[in-house]
>>> print(open('protein.txt').read())   # compact mmCIF, N, CA and C atoms
# COMPACT_ATOMS: atom_id res chain seq x y z
N MET Q 1 51.44 53.77 -83.61
CA MET Q 1 50.53 53.30 -84.62
C MET Q 1 51.32 52.38 -85.55
N VAL Q 2 50.89 51.16 -85.64
CA VAL Q 2 51.59 50.20 -86.49
C VAL Q 2 51.33 50.48 -87.96
N ARG Q 3 50.10 50.83 -88.28
CA ARG Q 3 49.78 51.16 -89.67
C ARG Q 3 48.68 52.20 -89.73
N THR Q 4 48.70 52.98 -90.79
CA THR Q 4 47.69 54.03 -90.97
C THR Q 4 46.85 53.79 -92.22
N THR Q 5 47.17 52.73 -92.94
CA THR Q 5 46.37 52.35 -94.11
C THR Q 5 46.05 50.86 -94.01
N ASP Q 6 45.16 50.40 -94.84
CA ASP Q 6 44.75 49.00 -94.83
C ASP Q 6 45.72 48.18 -95.68
N THR Q 7 46.96 48.13 -95.20
CA THR Q 7 48.00 47.37 -95.88
C THR Q 7 48.73 46.50 -94.86
N ALA Q 8 49.27 45.40 -95.34
CA ALA Q 8 49.99 44.48 -94.46
C ALA Q 8 51.31 45.09 -94.02
N VAL Q 9 51.79 44.67 -92.87
CA VAL Q 9 53.07 45.16 -92.38
C VAL Q 9 54.12 44.05 -92.35
N ASN Q 10 53.83 42.94 -93.04
CA ASN Q 10 54.82 41.88 -93.09
C ASN Q 10 56.04 42.33 -93.89
N THR Q 11 57.18 41.78 -93.54
CA THR Q 11 58.41 42.14 -94.23
C THR Q 11 58.95 40.99 -95.07
N ASP Q 12 58.52 39.77 -94.78
CA ASP Q 12 59.03 38.60 -95.50
C ASP Q 12 57.89 37.65 -95.83
N GLY Q 13 58.17 36.75 -96.76
CA GLY Q 13 57.27 35.65 -97.03
C GLY Q 13 56.59 35.70 -98.37
N ASP Q 14 56.36 34.50 -98.89
CA ASP Q 14 55.65 34.34 -100.15
C ASP Q 14 54.24 33.80 -99.93
N THR Q 15 54.09 32.94 -98.92
CA THR Q 15 52.78 32.37 -98.64
C THR Q 15 52.05 33.22 -97.60
N ILE Q 16 50.76 33.01 -97.49
CA ILE Q 16 49.97 33.74 -96.49
C ILE Q 16 50.50 33.45 -95.09
N ARG Q 17 50.80 32.19 -94.81
CA ARG Q 17 51.33 31.82 -93.49
C ARG Q 17 52.64 32.53 -93.21
N GLN Q 18 53.56 32.53 -94.16
CA GLN Q 18 54.85 33.20 -93.97
C GLN Q 18 54.65 34.70 -93.74
N LYS Q 19 53.72 35.29 -94.45
CA LYS Q 19 53.45 36.72 -94.28
C LYS Q 19 52.87 37.01 -92.90
N LYS Q 20 51.96 36.14 -92.42
CA LYS Q 20 51.39 36.33 -91.08
C LYS Q 20 52.46 36.20 -90.00
N VAL Q 21 53.33 35.23 -90.14
CA VAL Q 21 54.42 35.06 -89.17
C VAL Q 21 55.31 36.29 -89.18
N SER Q 22 55.63 36.79 -90.36
CA SER Q 22 56.45 37.99 -90.49
C SER Q 22 55.78 39.19 -89.83
N ASP Q 23 54.48 39.33 -90.04
CA ASP Q 23 53.70 40.42 -89.45
C ASP Q 23 53.76 40.35 -87.92
N ILE Q 24 53.54 39.16 -87.37
CA ILE Q 24 53.56 38.99 -85.92
C ILE Q 24 54.95 39.30 -85.36
N LYS Q 25 55.99 38.82 -86.02
CA LYS Q 25 57.36 39.10 -85.57
C LYS Q 25 57.64 40.60 -85.58
N PHE Q 26 57.17 41.28 -86.61
CA PHE Q 26 57.37 42.73 -86.71
C PHE Q 26 56.67 43.43 -85.55
N ARG Q 27 55.42 43.09 -85.29
CA ARG Q 27 54.68 43.72 -84.21
C ARG Q 27 55.30 43.41 -82.84
N TYR Q 28 55.74 42.17 -82.67
CA TYR Q 28 56.37 41.79 -81.40
C TYR Q 28 57.68 42.57 -81.20
N SER Q 29 58.43 42.75 -82.26
CA SER Q 29 59.67 43.52 -82.15
C SER Q 29 59.39 44.97 -81.76
N LEU Q 30 58.28 45.53 -82.22
CA LEU Q 30 57.90 46.88 -81.81
C LEU Q 30 57.61 46.94 -80.32
N MET Q 31 56.94 45.91 -79.79
CA MET Q 31 56.69 45.86 -78.34
C MET Q 31 58.00 45.86 -77.58
N GLN Q 32 58.96 45.09 -78.07
CA GLN Q 32 60.26 45.00 -77.40
C GLN Q 32 61.02 46.33 -77.50
N GLU Q 33 60.87 47.02 -78.61
CA GLU Q 33 61.56 48.28 -78.82
C GLU Q 33 61.02 49.39 -77.92
N TYR Q 34 59.71 49.31 -77.60
CA TYR Q 34 59.05 50.32 -76.77
C TYR Q 34 58.45 49.64 -75.54
N PRO Q 35 59.29 49.29 -74.54
CA PRO Q 35 58.80 48.49 -73.41
C PRO Q 35 57.79 49.20 -72.51
N ASP Q 36 57.71 50.51 -72.57
CA ASP Q 36 56.75 51.24 -71.74
C ASP Q 36 55.49 51.62 -72.51
N SER Q 37 55.32 51.02 -73.66
CA SER Q 37 54.17 51.36 -74.50
C SER Q 37 52.92 50.61 -74.03
N ILE Q 38 51.81 51.00 -74.61
CA ILE Q 38 50.53 50.31 -74.41
C ILE Q 38 50.10 49.82 -75.77
N TYR Q 39 49.82 48.52 -75.86
CA TYR Q 39 49.48 47.89 -77.13
C TYR Q 39 47.98 47.66 -77.20
N LEU Q 40 47.31 48.36 -78.11
CA LEU Q 40 45.88 48.18 -78.35
C LEU Q 40 45.72 47.50 -79.71
N CYS Q 41 45.14 46.34 -79.70
CA CYS Q 41 44.88 45.60 -80.94
C CYS Q 41 43.38 45.66 -81.18
N ILE Q 42 42.97 46.30 -82.27
CA ILE Q 42 41.55 46.53 -82.54
C ILE Q 42 41.12 45.63 -83.70
N HIS Q 43 40.14 44.79 -83.43
CA HIS Q 43 39.67 43.80 -84.40
C HIS Q 43 38.15 43.78 -84.46
N GLN Q 44 37.65 43.03 -85.43
CA GLN Q 44 36.24 42.67 -85.51
C GLN Q 44 36.19 41.16 -85.35
N ASN Q 45 35.22 40.67 -84.63
CA ASN Q 45 35.11 39.25 -84.33
C ASN Q 45 34.22 38.55 -85.35
N LYS Q 46 34.24 37.24 -85.34
CA LYS Q 46 33.35 36.42 -86.19
C LYS Q 46 33.14 35.10 -85.46
N TYR Q 47 31.93 34.58 -85.54
CA TYR Q 47 31.61 33.34 -84.85
C TYR Q 47 30.67 32.52 -85.73
N SER Q 48 30.62 31.24 -85.46
CA SER Q 48 29.78 30.36 -86.29
C SER Q 48 28.28 30.61 -86.08
N SER Q 49 27.90 31.14 -84.93
CA SER Q 49 26.50 31.45 -84.66
C SER Q 49 26.25 32.94 -84.86
N ALA Q 50 25.22 33.27 -85.60
CA ALA Q 50 24.90 34.67 -85.88
C ALA Q 50 24.28 35.40 -84.70
N VAL Q 51 23.91 34.68 -83.64
CA VAL Q 51 23.26 35.34 -82.51
C VAL Q 51 24.27 35.98 -81.55
N VAL Q 52 25.52 35.55 -81.60
CA VAL Q 52 26.55 36.09 -80.71
C VAL Q 52 26.88 37.51 -81.17
N ASN Q 53 26.90 38.45 -80.21
CA ASN Q 53 27.14 39.84 -80.57
C ASN Q 53 27.85 40.59 -79.47
N GLY Q 54 28.23 41.81 -79.77
CA GLY Q 54 28.78 42.71 -78.77
C GLY Q 54 30.30 42.81 -78.78
N THR Q 55 30.75 43.78 -78.03
CA THR Q 55 32.18 44.04 -77.88
C THR Q 55 32.75 43.12 -76.80
N GLN Q 56 33.98 42.67 -77.00
CA GLN Q 56 34.65 41.89 -75.97
C GLN Q 56 36.12 42.28 -75.96
N ILE Q 57 36.69 42.28 -74.76
CA ILE Q 57 38.08 42.68 -74.60
C ILE Q 57 38.86 41.57 -73.91
N PHE Q 58 40.01 41.25 -74.51
CA PHE Q 58 40.93 40.27 -73.97
C PHE Q 58 42.19 41.02 -73.52
N TYR Q 59 42.81 40.58 -72.43
CA TYR Q 59 43.98 41.28 -71.91
C TYR Q 59 45.14 40.31 -71.73
N SER Q 60 46.35 40.86 -71.71
CA SER Q 60 47.55 40.05 -71.53
C SER Q 60 47.61 39.54 -70.09
N PRO Q 61 47.88 38.25 -69.92
CA PRO Q 61 48.02 37.71 -68.58
C PRO Q 61 49.39 38.04 -67.96
N ASN Q 62 50.28 38.67 -68.71
CA ASN Q 62 51.65 38.92 -68.25
C ASN Q 62 51.85 40.27 -67.58
N ASP Q 63 50.84 41.11 -67.63
CA ASP Q 63 51.01 42.48 -67.15
C ASP Q 63 49.75 42.87 -66.38
N SER Q 64 49.90 43.21 -65.10
CA SER Q 64 48.74 43.52 -64.26
C SER Q 64 47.98 44.74 -64.77
N ASN Q 65 48.66 45.68 -65.41
CA ASN Q 65 47.96 46.85 -65.95
C ASN Q 65 47.08 46.51 -67.15
N SER Q 66 47.33 45.38 -67.79
CA SER Q 66 46.52 45.00 -68.94
C SER Q 66 45.06 44.78 -68.55
N LYS Q 67 44.84 44.09 -67.43
CA LYS Q 67 43.46 43.87 -66.98
C LYS Q 67 42.81 45.20 -66.59
N LEU Q 68 43.55 46.05 -65.91
CA LEU Q 68 43.04 47.36 -65.53
C LEU Q 68 42.67 48.16 -66.78
N LEU Q 69 43.54 48.15 -67.77
CA LEU Q 69 43.25 48.84 -69.03
C LEU Q 69 41.98 48.28 -69.67
N ALA Q 70 41.84 46.96 -69.68
CA ALA Q 70 40.65 46.33 -70.25
C ALA Q 70 39.39 46.79 -69.52
N GLU Q 71 39.46 46.93 -68.20
CA GLU Q 71 38.31 47.39 -67.42
C GLU Q 71 37.93 48.82 -67.80
N TYR Q 72 38.92 49.69 -67.91
CA TYR Q 72 38.65 51.08 -68.30
C TYR Q 72 38.06 51.14 -69.71
N LEU Q 73 38.63 50.37 -70.62
CA LEU Q 73 38.13 50.38 -72.00
C LEU Q 73 36.70 49.86 -72.06
N GLN Q 74 36.44 48.77 -71.34
CA GLN Q 74 35.09 48.21 -71.35
C GLN Q 74 34.06 49.21 -70.83
N GLU Q 75 34.36 49.86 -69.73
CA GLU Q 75 33.44 50.85 -69.17
C GLU Q 75 33.18 51.98 -70.17
N SER Q 76 34.23 52.46 -70.79
CA SER Q 76 34.10 53.56 -71.73
C SER Q 76 33.31 53.15 -72.98
N ILE Q 77 33.55 51.95 -73.46
CA ILE Q 77 32.84 51.47 -74.65
C ILE Q 77 31.36 51.25 -74.34
N ILE Q 78 31.08 50.68 -73.18
CA ILE Q 78 29.67 50.46 -72.79
C ILE Q 78 28.95 51.80 -72.70
N ASN Q 79 29.58 52.78 -72.05
CA ASN Q 79 28.96 54.10 -71.92
C ASN Q 79 28.82 54.80 -73.27
N GLY Q 80 29.85 54.71 -74.09
CA GLY Q 80 29.83 55.42 -75.38
C GLY Q 80 28.87 54.82 -76.39
N THR Q 81 28.77 53.50 -76.42
CA THR Q 81 27.93 52.84 -77.41
C THR Q 81 26.54 52.53 -76.88
N LYS Q 82 26.33 52.77 -75.61
CA LYS Q 82 25.03 52.51 -74.96
C LYS Q 82 24.64 51.03 -75.03
N GLN Q 83 25.65 50.15 -74.94
CA GLN Q 83 25.37 48.72 -74.93
C GLN Q 83 24.69 48.36 -73.62
N ASN Q 84 23.64 47.56 -73.68
CA ASN Q 84 22.94 47.21 -72.46
C ASN Q 84 23.45 45.92 -71.83
N ARG Q 85 24.31 45.23 -72.52
CA ARG Q 85 24.94 44.05 -71.93
C ARG Q 85 26.38 43.98 -72.41
N THR Q 86 27.17 43.27 -71.67
CA THR Q 86 28.58 43.21 -71.99
C THR Q 86 29.08 41.78 -71.96
N ARG Q 87 30.04 41.50 -72.78
CA ARG Q 87 30.70 40.21 -72.74
C ARG Q 87 31.81 40.31 -71.69
N PRO Q 88 32.10 39.25 -70.98
CA PRO Q 88 33.09 39.33 -69.90
C PRO Q 88 34.51 39.57 -70.43
N LEU Q 89 35.29 40.28 -69.63
CA LEU Q 89 36.71 40.42 -69.94
C LEU Q 89 37.37 39.06 -69.75
N LYS Q 90 38.38 38.78 -70.59
CA LYS Q 90 39.05 37.49 -70.48
C LYS Q 90 40.55 37.66 -70.68
N PRO Q 91 41.34 36.86 -69.95
CA PRO Q 91 42.76 36.84 -70.27
C PRO Q 91 42.95 36.17 -71.62
N CYS Q 92 43.89 36.67 -72.37
CA CYS Q 92 44.15 36.13 -73.70
C CYS Q 92 44.86 34.78 -73.59
N THR Q 93 44.46 33.84 -74.39
CA THR Q 93 45.13 32.54 -74.41
C THR Q 93 46.26 32.57 -75.45
N ASP Q 94 46.98 31.48 -75.53
CA ASP Q 94 48.09 31.42 -76.47
C ASP Q 94 47.64 31.37 -77.93
N ASP Q 95 46.32 31.33 -78.16
CA ASP Q 95 45.80 31.42 -79.53
C ASP Q 95 46.12 32.77 -80.16
N VAL Q 96 46.28 33.80 -79.34
CA VAL Q 96 46.60 35.14 -79.83
C VAL Q 96 48.00 35.46 -79.31
N TYR Q 97 48.99 35.09 -80.09
CA TYR Q 97 50.39 35.14 -79.68
C TYR Q 97 50.80 36.50 -79.12
N LEU Q 98 50.51 37.57 -79.84
CA LEU Q 98 50.99 38.89 -79.43
C LEU Q 98 50.48 39.31 -78.06
N ILE Q 99 49.20 39.18 -77.83
CA ILE Q 99 48.63 39.62 -76.56
C ILE Q 99 49.05 38.66 -75.44
N HIS Q 100 49.00 37.38 -75.71
CA HIS Q 100 49.36 36.39 -74.70
C HIS Q 100 50.82 36.52 -74.27
N ASN Q 101 51.71 36.86 -75.18
CA ASN Q 101 53.14 36.95 -74.89
C ASN Q 101 53.64 38.38 -74.69
N ALA Q 102 52.74 39.32 -74.64
CA ALA Q 102 53.14 40.72 -74.50
C ALA Q 102 53.93 40.94 -73.21
N THR Q 103 54.92 41.79 -73.32
CA THR Q 103 55.73 42.14 -72.15
C THR Q 103 55.41 43.56 -71.69
N THR Q 104 54.38 44.12 -72.24
CA THR Q 104 53.91 45.46 -71.89
C THR Q 104 52.39 45.39 -71.75
N SER Q 105 51.75 46.45 -71.35
CA SER Q 105 50.29 46.46 -71.25
C SER Q 105 49.71 46.23 -72.64
N ALA Q 106 48.83 45.24 -72.75
CA ALA Q 106 48.30 44.88 -74.07
C ALA Q 106 46.89 44.33 -73.96
N VAL Q 107 46.03 44.78 -74.87
CA VAL Q 107 44.65 44.29 -74.94
C VAL Q 107 44.25 44.07 -76.39
N LEU Q 108 43.32 43.17 -76.57
CA LEU Q 108 42.68 42.92 -77.86
C LEU Q 108 41.23 43.34 -77.72
N ILE Q 109 40.82 44.32 -78.51
CA ILE Q 109 39.45 44.82 -78.47
C ILE Q 109 38.72 44.27 -79.69
N GLU Q 110 37.76 43.40 -79.44
CA GLU Q 110 36.89 42.88 -80.51
C GLU Q 110 35.66 43.78 -80.51
N CYS Q 111 35.55 44.63 -81.51
CA CYS Q 111 34.53 45.69 -81.53
C CYS Q 111 33.12 45.19 -81.80
N GLY Q 112 32.99 44.00 -82.30
CA GLY Q 112 31.68 43.44 -82.61
C GLY Q 112 31.86 42.22 -83.48
N PHE Q 113 30.76 41.56 -83.78
CA PHE Q 113 30.80 40.32 -84.57
C PHE Q 113 30.32 40.57 -85.99
N LEU Q 114 31.18 40.33 -86.95
CA LEU Q 114 30.80 40.47 -88.36
C LEU Q 114 29.77 39.41 -88.75
N SER Q 115 29.68 38.34 -87.96
CA SER Q 115 28.71 37.28 -88.22
C SER Q 115 27.33 37.61 -87.67
N ASN Q 116 27.19 38.72 -86.95
CA ASN Q 116 25.91 39.17 -86.42
C ASN Q 116 25.46 40.38 -87.24
N GLN Q 117 24.32 40.28 -87.87
CA GLN Q 117 23.88 41.32 -88.81
C GLN Q 117 23.75 42.69 -88.14
N ASN Q 118 23.24 42.74 -86.93
CA ASN Q 118 23.09 44.01 -86.23
C ASN Q 118 24.45 44.65 -85.95
N ASP Q 119 25.40 43.85 -85.43
CA ASP Q 119 26.75 44.36 -85.21
C ASP Q 119 27.38 44.83 -86.52
N LEU Q 120 27.25 44.00 -87.54
CA LEU Q 120 27.83 44.34 -88.85
C LEU Q 120 27.28 45.65 -89.38
N ASN Q 121 25.98 45.83 -89.31
CA ASN Q 121 25.37 47.07 -89.80
C ASN Q 121 25.90 48.29 -89.05
N LYS Q 122 26.05 48.17 -87.73
CA LYS Q 122 26.59 49.29 -86.94
C LYS Q 122 28.05 49.54 -87.29
N LEU Q 123 28.83 48.48 -87.35
CA LEU Q 123 30.27 48.62 -87.60
C LEU Q 123 30.58 49.26 -88.96
N LYS Q 124 29.66 49.16 -89.89
CA LYS Q 124 29.87 49.72 -91.22
C LYS Q 124 29.59 51.22 -91.30
N THR Q 125 29.03 51.80 -90.24
CA THR Q 125 28.68 53.22 -90.30
C THR Q 125 29.80 54.08 -89.73
N ASP Q 126 30.00 55.23 -90.35
CA ASP Q 126 31.00 56.18 -89.86
C ASP Q 126 30.67 56.63 -88.43
N GLU Q 127 29.40 56.85 -88.17
CA GLU Q 127 29.00 57.33 -86.84
C GLU Q 127 29.41 56.34 -85.75
N TYR Q 128 29.12 55.06 -85.94
CA TYR Q 128 29.46 54.06 -84.92
C TYR Q 128 30.97 53.89 -84.80
N GLN Q 129 31.67 53.94 -85.92
CA GLN Q 129 33.13 53.85 -85.90
C GLN Q 129 33.72 55.01 -85.09
N GLN Q 130 33.16 56.20 -85.25
CA GLN Q 130 33.64 57.36 -84.49
C GLN Q 130 33.34 57.21 -83.00
N ILE Q 131 32.16 56.69 -82.68
CA ILE Q 131 31.80 56.47 -81.28
C ILE Q 131 32.75 55.45 -80.65
N LEU Q 132 33.02 54.35 -81.37
CA LEU Q 132 33.94 53.34 -80.85
C LEU Q 132 35.34 53.92 -80.67
N SER Q 133 35.81 54.65 -81.67
CA SER Q 133 37.15 55.24 -81.60
C SER Q 133 37.27 56.18 -80.41
N PHE Q 134 36.28 57.04 -80.27
CA PHE Q 134 36.28 57.98 -79.15
C PHE Q 134 36.21 57.25 -77.82
N SER Q 135 35.40 56.21 -77.74
CA SER Q 135 35.27 55.44 -76.50
C SER Q 135 36.58 54.75 -76.13
N ILE Q 136 37.26 54.20 -77.12
CA ILE Q 136 38.54 53.54 -76.87
C ILE Q 136 39.57 54.57 -76.39
N ALA Q 137 39.65 55.69 -77.09
CA ALA Q 137 40.59 56.74 -76.69
C ALA Q 137 40.26 57.25 -75.28
N SER Q 138 39.00 57.45 -74.99
CA SER Q 138 38.59 57.93 -73.66
C SER Q 138 38.96 56.94 -72.57
N GLY Q 139 38.73 55.66 -72.81
CA GLY Q 139 39.09 54.64 -71.82
C GLY Q 139 40.58 54.64 -71.54
N LEU Q 140 41.38 54.77 -72.58
CA LEU Q 140 42.83 54.81 -72.42
C LEU Q 140 43.25 56.06 -71.63
N ILE Q 141 42.71 57.20 -71.99
CA ILE Q 141 43.03 58.45 -71.30
C ILE Q 141 42.60 58.39 -69.85
N ASN Q 142 41.42 57.85 -69.58
CA ASN Q 142 40.94 57.73 -68.19
C ASN Q 142 41.87 56.87 -67.36
N MET Q 143 42.33 55.76 -67.92
CA MET Q 143 43.24 54.91 -67.17
C MET Q 143 44.56 55.63 -66.88
N ILE Q 144 45.10 56.30 -67.88
CA ILE Q 144 46.38 57.01 -67.70
C ILE Q 144 46.20 58.12 -66.66
N ASN Q 145 45.12 58.86 -66.73
CA ASN Q 145 44.89 59.95 -65.77
C ASN Q 145 44.69 59.46 -64.34
N ASP Q 146 44.09 58.29 -64.18
CA ASP Q 146 43.84 57.75 -62.85
C ASP Q 146 45.03 57.03 -62.26
N SER Q 147 46.02 56.74 -63.08
CA SER Q 147 47.19 55.97 -62.60
C SER Q 147 48.19 56.84 -61.91
>>> encode(input="protein.txt", output="structure tokens")
Amino acid sequence: MVRTTDTAVNTDGDTIRQKKVSDIKFRYSLMQEYPDSIYLCIHQNKYSSAVVNGTQIFYSPNDSNSKLLAEYLQESIINGTKQNRTRPLKPCTDDVYLIHNATTSAVLIECGFLSNQNDLNKLKTDEYQQILSFSIASGLINMINDS
């Protein structure tokens, strides 16, 4: 667990950019320190159009288990949240440095779109947050058990 509170983990910098770079370097160094780890990056998405919605998972193109992990997570999230449609899994591009350059199993889970009112309303509830958390944990456990 990189953090347990809503606080930044940057170690250096005065500007927002410097702090973000420091944060990324810190997280990347953790990946290097624990090469057999699994990196789950949990985010909320945002898009210019309010009609775009749903969970989407991006995986590291550097590790074959990353795509497998993404598949397990997607199945578990769809089942847990009762989503009737899914956004396709995608390899992460270099826009997301950590996942794209990961040297271990790594995925980015976009839990929903803050720009979509329905997603936003669900994401703000404790019940939905618990369902998502449980679904993510279940997907990870299922993959580990099946491997």
>>> atom_distance(input="protein.txt", atom1="atom C of Ser135 in chain Q", atom2="atom N of Ile77 in chain Q")
4.9 Å
>>> atom_distance(input="protein.txt", atom1="CA of Ile57 in chain Q", atom2="atom C of Leu123 in chain Q")
17.5 Å
>>> residues_around(input="protein.txt", residues="Gln117 in chain Q", least_positions_apart="6", cutoff="12 Å", atoms="only C-alpha atoms", output="PDB file with N, CA and C atoms, keeping the file's coordinate frame")
ATOM      1  N   LYS Q  46      34.240  37.240 -85.340  1.00  0.00           N
ATOM      2  CA  LYS Q  46      33.350  36.420 -86.190  1.00  0.00           C
ATOM      3  C   LYS Q  46      33.140  35.100 -85.460  1.00  0.00           C
ATOM      4  N   TYR Q  47      31.930  34.580 -85.540  1.00  0.00           N
ATOM      5  CA  TYR Q  47      31.610  33.340 -84.850  1.00  0.00           C
ATOM      6  C   TYR Q  47      30.670  32.520 -85.730  1.00  0.00           C
ATOM      7  N   SER Q  49      27.900  31.140 -84.930  1.00  0.00           N
ATOM      8  CA  SER Q  49      26.500  31.450 -84.660  1.00  0.00           C
ATOM      9  C   SER Q  49      26.250  32.940 -84.860  1.00  0.00           C
ATOM     10  N   ALA Q  50      25.220  33.270 -85.600  1.00  0.00           N
ATOM     11  CA  ALA Q  50      24.900  34.670 -85.880  1.00  0.00           C
ATOM     12  C   ALA Q  50      24.280  35.400 -84.700  1.00  0.00           C
ATOM     13  N   VAL Q  51      23.910  34.680 -83.640  1.00  0.00           N
ATOM     14  CA  VAL Q  51      23.260  35.340 -82.510  1.00  0.00           C
ATOM     15  C   VAL Q  51      24.270  35.980 -81.550  1.00  0.00           C
ATOM     16  N   VAL Q  52      25.520  35.550 -81.600  1.00  0.00           N
ATOM     17  CA  VAL Q  52      26.550  36.090 -80.710  1.00  0.00           C
ATOM     18  C   VAL Q  52      26.880  37.510 -81.170  1.00  0.00           C
ATOM     19  N   ASN Q  53      26.900  38.450 -80.210  1.00  0.00           N
ATOM     20  CA  ASN Q  53      27.140  39.840 -80.570  1.00  0.00           C
ATOM     21  C   ASN Q  53      27.850  40.590 -79.470  1.00  0.00           C
ATOM     22  N   GLY Q  54      28.230  41.810 -79.770  1.00  0.00           N
ATOM     23  CA  GLY Q  54      28.780  42.710 -78.770  1.00  0.00           C
ATOM     24  C   GLY Q  54      30.300  42.810 -78.780  1.00  0.00           C
ATOM     25  N   LEU Q 123      28.830  48.480 -87.350  1.00  0.00           N
ATOM     26  CA  LEU Q 123      30.270  48.620 -87.600  1.00  0.00           C
ATOM     27  C   LEU Q 123      30.580  49.260 -88.960  1.00  0.00           C
ATOM     28  N   LYS Q 124      29.660  49.160 -89.890  1.00  0.00           N
ATOM     29  CA  LYS Q 124      29.870  49.720 -91.220  1.00  0.00           C
ATOM     30  C   LYS Q 124      29.590  51.220 -91.300  1.00  0.00           C
TER      31      LYS Q 124
END
>>> residues_around(input="protein.txt", residues="Gly139 in chain Q", least_positions_apart="6", cutoff="7 Å", atoms="all atoms listed in the file", output="list in words")
Leu69, Tyr72, Leu73, Gln74, Glu75, Ser76 and Ile77 of chain Q
>>> atom_distance(input="protein.txt", atom1="atom C of Ser105 in chain Q", atom2="CA of Leu40 in chain Q")
7.1 Å
>>> residues_around(input="protein.txt", residues="Leu132 in chain Q", least_positions_apart="2", cutoff="10 Å", atoms="only C-alpha atoms", output="list of chain:residue names")
Q:Thr55, Q:Ser76, Q:Ile77, Q:Ile78, Q:Gly80, Q:Thr81, Q:Cys111, Q:Leu123, Q:Asp126, Q:Glu127, Q:Tyr128, Q:Gln129, Q:Gln130, Q:Phe134, Q:Ser135, Q:Ile136, Q:Ala137, Q:Ser138
>>> closest_residue(input="protein.txt", among="Q:Leu68, Q:Ser60, Q:Leu114, Q:Asn84", to="Val96 in chain Q", atoms="only C-alpha atoms")
Q:Ser60
>>> closest_residue(input="protein.txt", among="Q:Phe58, Q:Phe113, Q:Tyr39, Q:Tyr97", to="Lys20 in chain Q", atoms="only C-alpha atoms")
Q:Tyr97
>>> select_by_dssp(input="protein.txt", residues="range 65-147 of chain Q", states="alpha helix (DSSP H)", output="PyMOL selection string")
chain Q and resi 65-81+97-100+117-123+126-146
>>> residues_around(input="protein.txt", residues="Asn62 in chain Q", least_positions_apart="3", cutoff="7 Å", atoms="all atoms listed in the file", output="list in words")
Tyr59, Asn65, Ser66, Ile99, His100, Asn101, Ala102, Thr103 and Thr104 of chain Q
>>> select_by_dssp(input="protein.txt", residues="range 11-114 of chain Q", states="strand (DSSP E)", output="list in words")
Ile38, Tyr39, Leu40, Cys41, Ile42, His43, Gln44, Asn45, Gln56, Ile57, Phe58, Tyr59, Lys90, Pro91, Ser105, Ala106, Val107, Leu108, Ile109, Glu110, Cys111, Gly112 and Phe113 of chain Q
>>> residues_around(input="protein.txt", residues="Leu30 in chain Q", least_positions_apart="4", cutoff="12 Å", atoms="only C-alpha atoms", output="mmCIF file with N, CA and C atoms, in the frame of the given file")
data_model
loop_
_atom_site.group_PDB
_atom_site.id
_atom_site.type_symbol
_atom_site.label_atom_id
_atom_site.label_comp_id
_atom_site.auth_asym_id
_atom_site.auth_seq_id
_atom_site.Cartn_x
_atom_site.Cartn_y
_atom_site.Cartn_z
ATOM 1 N N MET Q 1 51.440 53.770 -83.610
ATOM 2 C CA MET Q 1 50.530 53.300 -84.620
ATOM 3 C C MET Q 1 51.320 52.380 -85.550
ATOM 4 N N VAL Q 2 50.890 51.160 -85.640
ATOM 5 C CA VAL Q 2 51.590 50.200 -86.490
ATOM 6 C C VAL Q 2 51.330 50.480 -87.960
ATOM 7 N N VAL Q 9 51.790 44.670 -92.870
ATOM 8 C CA VAL Q 9 53.070 45.160 -92.380
ATOM 9 C C VAL Q 9 54.120 44.050 -92.350
ATOM 10 N N ASP Q 23 54.480 39.330 -90.040
ATOM 11 C CA ASP Q 23 53.700 40.420 -89.450
ATOM 12 C C ASP Q 23 53.760 40.350 -87.920
ATOM 13 N N ILE Q 24 53.540 39.160 -87.370
ATOM 14 C CA ILE Q 24 53.560 38.990 -85.920
ATOM 15 C C ILE Q 24 54.950 39.300 -85.360
ATOM 16 N N LYS Q 25 55.990 38.820 -86.020
ATOM 17 C CA LYS Q 25 57.360 39.100 -85.570
ATOM 18 C C LYS Q 25 57.640 40.600 -85.580
ATOM 19 N N PHE Q 26 57.170 41.280 -86.610
ATOM 20 C CA PHE Q 26 57.370 42.730 -86.710
ATOM 21 C C PHE Q 26 56.670 43.430 -85.550
ATOM 22 N N TYR Q 34 59.710 49.310 -77.600
ATOM 23 C CA TYR Q 34 59.050 50.320 -76.770
ATOM 24 C C TYR Q 34 58.450 49.640 -75.540
ATOM 25 N N PRO Q 35 59.290 49.290 -74.540
ATOM 26 C CA PRO Q 35 58.800 48.490 -73.410
ATOM 27 C C PRO Q 35 57.790 49.200 -72.510
ATOM 28 N N ASP Q 36 57.710 50.510 -72.570
ATOM 29 C CA ASP Q 36 56.750 51.240 -71.740
ATOM 30 C C ASP Q 36 55.490 51.620 -72.510
ATOM 31 N N SER Q 37 55.320 51.020 -73.660
ATOM 32 C CA SER Q 37 54.170 51.360 -74.500
ATOM 33 C C SER Q 37 52.920 50.610 -74.030
ATOM 34 N N ILE Q 38 51.810 51.000 -74.610
ATOM 35 C CA ILE Q 38 50.530 50.310 -74.410
ATOM 36 C C ILE Q 38 50.100 49.820 -75.770
ATOM 37 N N TYR Q 39 49.820 48.520 -75.860
ATOM 38 C CA TYR Q 39 49.480 47.890 -77.130
ATOM 39 C C TYR Q 39 47.980 47.660 -77.200
ATOM 40 N N LEU Q 98 50.510 37.570 -79.840
ATOM 41 C CA LEU Q 98 50.990 38.890 -79.430
ATOM 42 C C LEU Q 98 50.480 39.310 -78.060
ATOM 43 N N ALA Q 102 52.740 39.320 -74.640
ATOM 44 C CA ALA Q 102 53.140 40.720 -74.500
ATOM 45 C C ALA Q 102 53.930 40.940 -73.210
ATOM 46 N N THR Q 103 54.920 41.790 -73.320
ATOM 47 C CA THR Q 103 55.730 42.140 -72.150
ATOM 48 C C THR Q 103 55.410 43.560 -71.690
ATOM 49 N N THR Q 104 54.380 44.120 -72.240
ATOM 50 C CA THR Q 104 53.910 45.460 -71.890
ATOM 51 C C THR Q 104 52.390 45.390 -71.750
#
>>> closest_residue(input="protein.txt", among="Q:Asn45, Q:Thr5, Q:Ser147, Q:Ser29", to="Asn116 in chain Q", atoms="only C-alpha atoms")
Q:Asn45
